[in-house]
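Text of start.cif (mmCIF, C-alpha atoms) as supplied:
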data_query
loop_
_atom_site.group_PDB
_atom_site.id
_atom_site.type_symbol
_atom_site.label_atom_id
_atom_site.label_comp_id
_atom_site.auth_asym_id
_atom_site.auth_seq_id
_atom_site.Cartn_x
_atom_site.Cartn_y
_atom_site.Cartn_z
ATOM 1 C CA MET A 1 12.662 18.888 5.883
ATOM 2 C CA ALA A 2 10.063 17.148 8.040
ATOM 3 C CA THR A 3 7.971 14.429 6.415
ATOM 4 C CA ARG A 4 4.552 15.714 5.398
ATOM 5 C CA VAL A 5 1.430 14.027 6.777
ATOM 6 C CA LEU A 6 -2.034 15.139 5.691
ATOM 7 C CA VAL A 7 -4.855 14.510 8.183
ATOM 8 C CA VAL A 8 -8.356 14.516 6.691
ATOM 9 C CA ASP A 9 -11.222 14.354 9.198
ATOM 10 C CA ASP A 10 -14.287 16.541 9.754
ATOM 11 C CA ASP A 11 -14.191 15.934 13.524
ATOM 12 C CA PRO A 12 -11.923 18.704 14.900
ATOM 13 C CA THR A 13 -11.301 16.758 18.110
ATOM 14 C CA VAL A 14 -9.896 13.801 16.169
ATOM 15 C CA SER A 15 -7.898 15.840 13.661
ATOM 16 C CA ASN A 16 -6.412 18.173 16.284
ATOM 17 C CA VAL A 17 -5.344 15.326 18.581
ATOM 18 C CA VAL A 18 -3.830 13.338 15.705
ATOM 19 C CA SER A 19 -2.083 16.432 14.366
ATOM 20 C CA ALA A 20 -0.652 17.214 17.803
ATOM 21 C CA TYR A 21 0.750 13.689 18.191
ATOM 22 C CA LEU A 22 2.274 13.764 14.709
ATOM 23 C CA THR A 23 3.806 17.187 15.249
ATOM 24 C CA LYS A 24 5.300 16.052 18.558
ATOM 25 C CA ALA A 25 6.799 13.057 16.708
ATOM 26 C CA GLY A 26 8.544 15.449 14.312
ATOM 27 C CA TYR A 27 6.204 15.416 11.303
ATOM 28 C CA ASP A 28 4.861 18.358 9.332
ATOM 29 C CA ALA A 29 1.134 17.765 9.816
ATOM 30 C CA ARG A 30 -1.609 19.616 7.986
ATOM 31 C CA VAL A 31 -5.362 19.250 8.619
ATOM 32 C CA VAL A 32 -8.346 19.543 6.250
ATOM 33 C CA ALA A 33 -11.987 18.754 6.985
ATOM 34 C CA ASP A 34 -13.710 17.853 3.699
ATOM 35 C CA GLY A 35 -13.178 15.793 0.578
ATOM 36 C CA ALA A 36 -12.751 18.601 -1.940
ATOM 37 C CA SER A 37 -10.114 20.326 0.207
ATOM 38 C CA ALA A 38 -8.376 16.989 0.693
ATOM 39 C CA VAL A 39 -7.976 16.498 -3.066
ATOM 40 C CA GLU A 40 -6.713 20.054 -3.565
ATOM 41 C CA VAL A 41 -4.186 20.009 -0.701
ATOM 42 C CA TRP A 42 -3.083 16.469 -1.527
ATOM 43 C CA GLN A 43 -2.340 17.414 -5.146
ATOM 44 C CA GLN A 44 -0.509 20.640 -4.285
ATOM 45 C CA TRP A 45 1.267 19.761 -1.045
ATOM 46 C CA LYS A 46 2.355 16.208 -1.979
ATOM 47 C CA PRO A 47 2.258 14.517 1.453
ATOM 48 C CA SER A 48 4.122 11.265 2.047
ATOM 49 C CA VAL A 49 1.363 9.857 4.268
ATOM 50 C CA VAL A 50 -2.368 10.637 4.376
ATOM 51 C CA VAL A 51 -4.628 9.825 7.325
ATOM 52 C CA LEU A 52 -8.033 9.781 5.650
ATOM 53 C CA ASP A 53 -11.479 9.462 7.246
ATOM 54 C CA VAL A 54 -14.062 7.520 5.235
ATOM 55 C CA MET A 55 -17.030 9.770 6.103
ATOM 56 C CA LEU A 56 -16.424 13.337 4.918
ATOM 57 C CA PRO A 57 -18.603 16.264 3.778
ATOM 58 C CA GLY A 58 -18.905 16.311 0.000
ATOM 59 C CA LEU A 59 -16.566 13.725 -1.450
ATOM 60 C CA SER A 60 -16.186 10.668 0.749
ATOM 61 C CA GLY A 61 -12.767 9.464 1.783
ATOM 62 C CA LEU A 62 -13.115 6.556 -0.637
ATOM 63 C CA ASP A 63 -13.907 8.946 -3.504
ATOM 64 C CA VAL A 64 -10.892 11.078 -2.603
ATOM 65 C CA LEU A 65 -8.654 8.023 -2.599
ATOM 66 C CA ARG A 66 -10.053 6.773 -5.932
ATOM 67 C CA ARG A 67 -9.199 10.109 -7.546
ATOM 68 C CA MET A 68 -5.663 10.188 -6.203
ATOM 69 C CA ARG A 69 -4.897 6.561 -7.073
ATOM 70 C CA ALA A 70 -6.307 7.166 -10.567
ATOM 71 C CA ALA A 71 -3.768 10.003 -10.819
ATOM 72 C CA ASP A 72 -1.073 7.456 -9.850
ATOM 73 C CA ASP A 73 -0.315 9.157 -6.541
ATOM 74 C CA GLY A 74 1.677 6.780 -4.365
ATOM 75 C CA ALA A 75 1.310 8.387 -0.929
ATOM 76 C CA ALA A 76 0.782 5.868 1.857
ATOM 77 C CA VAL A 77 -2.820 6.016 3.103
ATOM 78 C CA ILE A 78 -4.316 5.055 6.453
ATOM 79 C CA MET A 79 -8.118 4.985 6.342
ATOM 80 C CA LEU A 80 -10.115 5.921 9.437
ATOM 81 C CA SER A 81 -13.644 4.656 10.001
ATOM 82 C CA ALA A 82 -16.128 4.041 12.787
ATOM 83 C CA ARG A 83 -17.138 0.853 10.982
ATOM 84 C CA GLY A 84 -14.919 -2.119 11.671
ATOM 85 C CA GLU A 85 -16.592 -4.914 9.727
ATOM 86 C CA GLU A 86 -14.221 -6.915 7.540
ATOM 87 C CA GLU A 87 -16.138 -6.058 4.356
ATOM 88 C CA ASP A 88 -15.733 -2.327 5.041
ATOM 89 C CA ARG A 89 -12.000 -2.780 5.556
ATOM 90 C CA LEU A 90 -11.717 -4.725 2.331
ATOM 91 C CA VAL A 91 -13.481 -1.972 0.363
ATOM 92 C CA GLY A 92 -10.946 0.584 1.590
ATOM 93 C CA LEU A 93 -8.059 -1.715 0.740
ATOM 94 C CA GLU A 94 -9.527 -2.485 -2.686
ATOM 95 C CA VAL A 95 -9.655 1.240 -3.470
ATOM 96 C CA GLY A 96 -5.975 1.596 -2.630
ATOM 97 C CA ALA A 97 -5.556 2.174 1.112
ATOM 98 C CA ASP A 98 -2.460 0.752 2.782
ATOM 99 C CA ASP A 99 -3.896 0.369 6.271
ATOM 100 C CA TYR A 100 -7.222 0.676 8.065
ATOM 101 C CA VAL A 101 -7.820 1.942 11.614
ATOM 102 C CA VAL A 102 -11.184 1.696 13.360
ATOM 103 C CA LYS A 103 -12.455 4.508 15.570
ATOM 104 C CA PRO A 104 -12.032 4.985 18.457
ATOM 105 C CA PHE A 105 -8.292 4.445 18.211
ATOM 106 C CA SER A 106 -5.102 5.255 20.073
ATOM 107 C CA PRO A 107 -3.378 8.377 18.650
ATOM 108 C CA ARG A 108 -0.080 6.868 19.757
ATOM 109 C CA GLU A 109 -0.722 3.665 17.791
ATOM 110 C CA LEU A 110 -1.726 5.695 14.740
ATOM 111 C CA THR A 111 1.517 7.667 15.016
ATOM 112 C CA LEU A 112 3.478 4.401 15.157
ATOM 113 C CA ARG A 113 1.743 3.236 11.981
ATOM 114 C CA VAL A 114 2.675 6.476 10.263
ATOM 115 C CA GLN A 115 6.263 6.024 11.424
ATOM 116 C CA ALA A 116 6.344 2.485 10.002
ATOM 117 C CA MET A 117 5.171 3.748 6.613
ATOM 118 C CA VAL A 118 7.715 6.575 6.574
ATOM 119 C CA ARG A 119 10.560 4.196 7.467
ATOM 120 C CA ARG A 120 9.531 1.918 4.618
ATOM 121 C CA GLU A 121 9.600 4.761 2.090
ATOM 122 C CA GLU A 122 12.995 5.896 3.391
ATOM 123 C CA ARG A 123 14.394 2.381 2.982
ATOM 124 C CA LEU A 124 13.125 2.223 -0.590
ATOM 125 C CA ALA A 125 14.585 5.642 -1.365
ATOM 126 C CA GLY A 126 17.973 4.489 -0.113
ATOM 127 C CA LEU A 127 18.148 1.399 -2.300
ATOM 128 C CA ASP A 128 20.691 1.059 -5.089
ATOM 129 C CA LEU A 129 18.893 2.240 -8.226
ATOM 130 C CA THR A 130 21.230 0.499 -10.671
ATOM 131 C CA PRO A 131 18.839 -0.714 -13.390
ATOM 132 C CA THR A 132 17.985 -4.357 -12.764
ATOM 133 C CA LYS A 133 15.492 -6.766 -14.207
ATOM 134 C CA LEU A 134 13.894 -9.707 -12.484
ATOM 135 C CA SER A 135 12.202 -12.447 -14.450
ATOM 136 C CA ALA A 136 10.209 -15.529 -13.631
ATOM 137 C CA GLY A 137 8.214 -17.357 -16.254
ATOM 138 C CA PRO A 138 6.253 -14.867 -18.379
ATOM 139 C CA VAL A 139 6.802 -11.949 -15.976
ATOM 140 C CA ILE A 140 9.616 -9.388 -16.175
ATOM 141 C CA VAL A 141 10.027 -6.693 -13.521
ATOM 142 C CA ASP A 142 12.231 -3.645 -14.113
ATOM 143 C CA THR A 143 12.931 -2.461 -10.579
ATOM 144 C CA ALA A 144 14.602 0.818 -11.533
ATOM 145 C CA ALA A 145 11.947 1.985 -13.995
ATOM 146 C CA ARG A 146 9.219 0.444 -11.795
ATOM 147 C CA ARG A 147 7.645 -1.279 -14.764
ATOM 148 C CA ALA A 148 6.438 -4.840 -15.080
ATOM 149 C CA TYR A 149 5.575 -6.917 -18.141
ATOM 150 C CA LEU A 150 3.563 -10.046 -18.803
ATOM 151 C CA ASN A 151 4.464 -11.735 -22.083
ATOM 152 C CA ASP A 152 6.023 -8.410 -23.188
ATOM 153 C CA ASP A 153 2.815 -6.463 -22.456
ATOM 154 C CA GLU A 154 3.239 -3.763 -19.810
ATOM 155 C CA LEU A 155 1.123 -4.199 -16.705
ATOM 156 C CA SER A 156 -0.813 -1.374 -15.084
ATOM 157 C CA LEU A 157 0.053 -1.756 -11.405
ATOM 158 C CA THR A 158 -0.335 0.437 -8.353
ATOM 159 C CA HIS A 159 2.783 1.180 -6.295
ATOM 160 C CA ARG A 160 1.959 -1.527 -3.757
ATOM 161 C CA GLU A 161 1.014 -4.094 -6.401
ATOM 162 C CA PHE A 162 4.363 -3.491 -8.083
ATOM 163 C CA ASP A 163 6.268 -3.881 -4.810
ATOM 164 C CA LEU A 164 4.459 -7.139 -4.042
ATOM 165 C CA LEU A 165 5.028 -8.571 -7.519
ATOM 166 C CA ALA A 166 8.703 -7.577 -7.499
ATOM 167 C CA TYR A 167 9.263 -9.263 -4.147
ATOM 168 C CA LEU A 168 7.485 -12.470 -5.113
ATOM 169 C CA VAL A 169 9.268 -12.677 -8.480
ATOM 170 C CA ALA A 170 12.646 -12.016 -6.831
ATOM 171 C CA HIS A 171 11.955 -14.969 -4.503
ATOM 172 C CA ALA A 172 10.073 -17.231 -6.922
ATOM 173 C CA GLY A 173 9.453 -20.678 -5.502
ATOM 174 C CA LYS A 174 9.605 -19.572 -1.870
ATOM 175 C CA ALA A 175 6.427 -19.332 0.188
ATOM 176 C CA TYR A 176 5.754 -16.431 2.536
ATOM 177 C CA THR A 177 3.076 -15.929 5.152
ATOM 178 C CA LYS A 178 0.883 -12.840 5.120
ATOM 179 C CA VAL A 179 2.716 -11.558 8.190
ATOM 180 C CA GLU A 180 6.084 -12.009 6.474
ATOM 181 C CA LEU A 181 4.882 -10.205 3.358
ATOM 182 C CA LEU A 182 3.423 -7.421 5.478
ATOM 183 C CA ARG A 183 6.829 -6.989 7.087
ATOM 184 C CA ARG A 184 9.021 -7.424 4.004
ATOM 185 C CA VAL A 185 6.937 -5.655 1.350
ATOM 186 C CA TRP A 186 5.052 -3.059 3.388
ATOM 187 C CA GLY A 187 7.715 -2.703 6.082
ATOM 188 C CA TRP A 188 5.232 -3.076 8.942
ATOM 189 C CA ASP A 189 5.718 -5.048 12.118
ATOM 190 C CA PHE A 190 1.963 -4.831 12.721
ATOM 191 C CA GLY A 191 -1.103 -4.137 10.636
ATOM 192 C CA ASP A 192 -4.133 -5.712 8.989
ATOM 193 C CA SER A 193 -3.113 -8.825 7.043
ATOM 194 C CA SER A 194 -6.210 -8.310 4.887
ATOM 195 C CA THR A 195 -4.008 -5.799 3.066
ATOM 196 C CA VAL A 196 -1.951 -8.692 1.700
ATOM 197 C CA THR A 197 -5.019 -10.739 0.792
ATOM 198 C CA VAL A 198 -6.554 -7.893 -1.172
ATOM 199 C CA HIS A 199 -3.346 -7.030 -3.021
ATOM 200 C CA VAL A 200 -2.770 -10.666 -3.980
ATOM 201 C CA ARG A 201 -6.297 -10.835 -5.368
ATOM 202 C CA ARG A 202 -5.833 -7.631 -7.347
ATOM 203 C CA LEU A 203 -2.477 -8.817 -8.641
ATOM 204 C CA ARG A 204 -3.986 -12.088 -9.797
ATOM 205 C CA GLU A 205 -6.681 -10.192 -11.691
ATOM 206 C CA LYS A 206 -3.927 -8.499 -13.691
ATOM 207 C CA ILE A 207 -1.505 -11.344 -14.377
ATOM 208 C CA GLU A 208 -3.501 -14.574 -14.319
ATOM 209 C CA SER A 209 -5.433 -15.944 -17.304
ATOM 210 C CA ASP A 210 -8.023 -17.182 -14.806
ATOM 211 C CA PRO A 211 -7.725 -15.429 -11.395
ATOM 212 C CA SER A 212 -9.941 -18.107 -9.830
ATOM 213 C CA ASP A 213 -7.414 -20.763 -10.896
ATOM 214 C CA PRO A 214 -4.033 -19.024 -10.545
ATOM 215 C CA LYS A 215 -0.901 -20.483 -12.110
ATOM 216 C CA LEU A 216 1.621 -17.815 -11.115
ATOM 217 C CA VAL A 217 0.767 -16.406 -7.660
ATOM 218 C CA LEU A 218 -0.152 -19.554 -5.761
ATOM 219 C CA THR A 219 -1.741 -20.076 -2.371
ATOM 220 C CA VAL A 220 0.225 -22.469 -0.175
ATOM 221 C CA PRO A 221 -2.112 -24.172 2.323
ATOM 222 C CA ARG A 222 -1.424 -23.276 5.955
ATOM 223 C CA THR A 223 1.444 -21.032 4.856
ATOM 224 C CA GLY A 224 0.711 -18.148 2.496
ATOM 225 C CA TYR A 225 1.711 -17.325 -1.056
ATOM 226 C CA LEU A 226 4.497 -17.946 -3.540
ATOM 227 C CA PHE A 227 5.312 -17.070 -7.127
ATOM 228 C CA ALA A 228 5.647 -20.249 -9.172
ATOM 229 C CA ALA A 229 7.136 -20.117 -12.646
ATOM 230 C CA ASP A 230 8.923 -22.296 -15.180
ATOM 231 C CA THR A 231 12.136 -20.285 -14.980
ATOM 232 C CA LYS A 232 13.799 -18.119 -12.376
ATOM 233 C CA GLN A 233 16.666 -15.761 -13.111
ATOM 234 C CA THR A 234 18.976 -13.869 -10.788
ATOM 235 C CA PRO A 235 18.704 -10.031 -10.971
ATOM 236 C CA THR A 236 20.975 -8.739 -13.739
ATOM 237 C CA PRO A 237 21.940 -5.260 -14.883
ATOM 238 C CA SER A 238 19.890 -3.903 -17.781
#
Can you turn what I pasted into C-alpha cells?
Amino acid sequence: MATRVLVVDDDPTVSNVVSAYLTKAGYDARVVADGASAVEVWQQWKPSVVVLDVMLPGLSGLDVLRRMRAADDGAAVIMLSARGEEEDRLVGLEVGADDYVVKPFSPRELTLRVQAMVRREERLAGLDLTPTKLSAGPVIVDTAARRAYLNDDELSLTHREFDLLAYLVAHAGKAYTKVELLRRVWGWDFGDSSTVTVHVRRLREKIESDPSDPKLVLTVPRTGYLFAADTKQTPTPS
C-alpha cells in the first residue's frame, strides 16, 4: 500500500502541483483546503506525512498541528509558509513541526523531503523491537515501549523528543553536531538545523532542574550537544 501524504493548502495551484509530484513519486496523496477538514481527514485517514500550510481558512495550520500533537499523533509534518523569518520557523517547530519550507519552493525538493521522512519511518519500523532499556544518570529510556523516566517519574515526550533523548542517552558522553543529529535522529541529509535547536530546548525544559543551566543535555562549544551523566550502561534486555 502506498504511503499516505496529506497536503493541506488553500491555494489550489500549490496543492495540485505538490499532489501531482507526490503521486508521480508513488505516494497516495490527498488534498484538503481548510483547517477543519485537515483535522477531520488527518484523524480518519492517518497519513504518514502531512504537508501543512500555516495560513488556512478557519483553523490555522499551527492550530491544526497543536490539536494533532495534543492527541499524540506522530505523523511527520512539513510546514509551508510565505514567511521565512527565523522566529516564524521556530514557532512552527515549537508547536511540533518536523521541517519548514518557505514559499515559493521547489516541488521536487519538497518531494525529496517527504521521501527522507518516509525512509526514516521505514527504518524505525524495521528495527529489532526486543525490549531494551538505556540508562544514563537519572534517565531511563525503554526503547520498545517508547517510554522515558527521570528519577522513576515518566516523562511526557513527543515522538521526536523521545527519539532525540534515546539517541543521546545511548551515546552518552559523545558530542554530536546539529547536522549529525539531523541525519542520525531525523534521518535527513538536509533540512533546517533549527529543528535540532528547538527540540533540545524543549527536551531540557522537561528533564533539567534548571533549563537555563543544564546538567544533562550539554552544549559543547563549536561542536553541538552531548548527554552527560554520572553513569552509562549498555542496552540490556528488559
Surrounding residues of region 161-167 of chain A excluding itself and chain neighbours under 3 positions, 9 Å, only C-alpha atoms, as a ChimeraX atom specification: /A:134,140-143,146-148,156-158,170-172,181,184-186,196,199-200,202-203,217,227
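Note that CA of Leu59 (chain A) and CA of Ala36 (chain A) are 6.2 Å apart.
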Output of the PyMOL selection byres ((chain A and resi 152) around 9), listed as a list in words: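 In the shown coordinates, the PyMOL selection byres ((chain A and resi 152) around 9) covers Pro138, Val139, Ile140, Ala148, Tyr149, Leu150, Asn151, Asp153 and Glu154 of chain A.
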Interatomic distance, CA of Ser135 (chain A) to CA of Ala228 (chain A) (Å, one decimal): 11.5 Å
Chain and number of each residue from the PyMOL selection byres ((chain A and resi 97) around 7), as a PyMOL selection string: chain A and resi 77-79+92-93+95-96+98-99
Evaluate the PyMOL selection byres ((chain A and resi 4) around 7) and report residues as a count of residues only: 10
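One distance worth recording is that between CA of Ser15 (chain A) and CA of Val31 (chain A), which is 6.6 Å.
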Shell of 12 Å around Arg222 (chain A), only C-alpha atoms, local chain residues under 6 positions omitted, as a PyMOL selection string: chain A and resi 175-178
Mind working out the centre and edge lengths of an axis-aligned box for region 32-43 of chain A, all listed atoms inside, 5 Å added to each side, rounded to one decimal in Å and written as JSON?
{"center_x": -8.0, "center_y": 18.1, "center_z": 0.9, "size_x": 21.4, "size_y": 14.5, "size_z": 22.1}
Given only C-alpha atoms as the counted atoms, nearest of A:Leu65, A:Val32, A:Leu155, A:Val8 to Glu208 (chain A): A:Leu155
Distance criterion (all atoms listed in the file): nearest to His159 (chain A) out of A:Val118, A:Val198, A:Ala76, A:Leu22: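 Nearest to His159 (chain A): A:Ala76.
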Distance criterion (only C-alpha atoms): nearest to Gly58 (chain A) out of A:Ser193, A:Asp88, A:Phe105, A:Gly35: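 Between A:Ser193, A:Asp88, A:Phe105, A:Gly35, the residue approaching Gly58 (chain A) most closely is A:Gly35.
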Selection: 9 Å around Gln43 (chain A), all atoms listed in the file, excl. self and same-chain fewer than 4 positions, as a PDB file with C-alpha atoms, keeping the file's coordinate frame:
ATOM      1  CA  ALA A  38      -8.376  16.989   0.693  1.00  0.00           C
ATOM      2  CA  VAL A  39      -7.976  16.498  -3.066  1.00  0.00           C
ATOM      3  CA  PRO A  47       2.258  14.517   1.453  1.00  0.00           C
ATOM      4  CA  MET A  68      -5.663  10.188  -6.203  1.00  0.00           C
ATOM      5  CA  ASP A  73      -0.315   9.157  -6.541  1.00  0.00           C
TER       6      ASP A  73
END
Surrounding residues of Met55 (chain A) excluding itself and chain neighbours under 5 positions, 9 Å, all atoms listed in the file, as a PyMOL selection string: chain A and resi 9-10+60-62+80-82
Among the residues A:Arg160, A:Thr223, A:Lys215, A:Ala136, the one that comes closest to Val179 (chain A) [using all atoms listed in the file]: A:Thr223
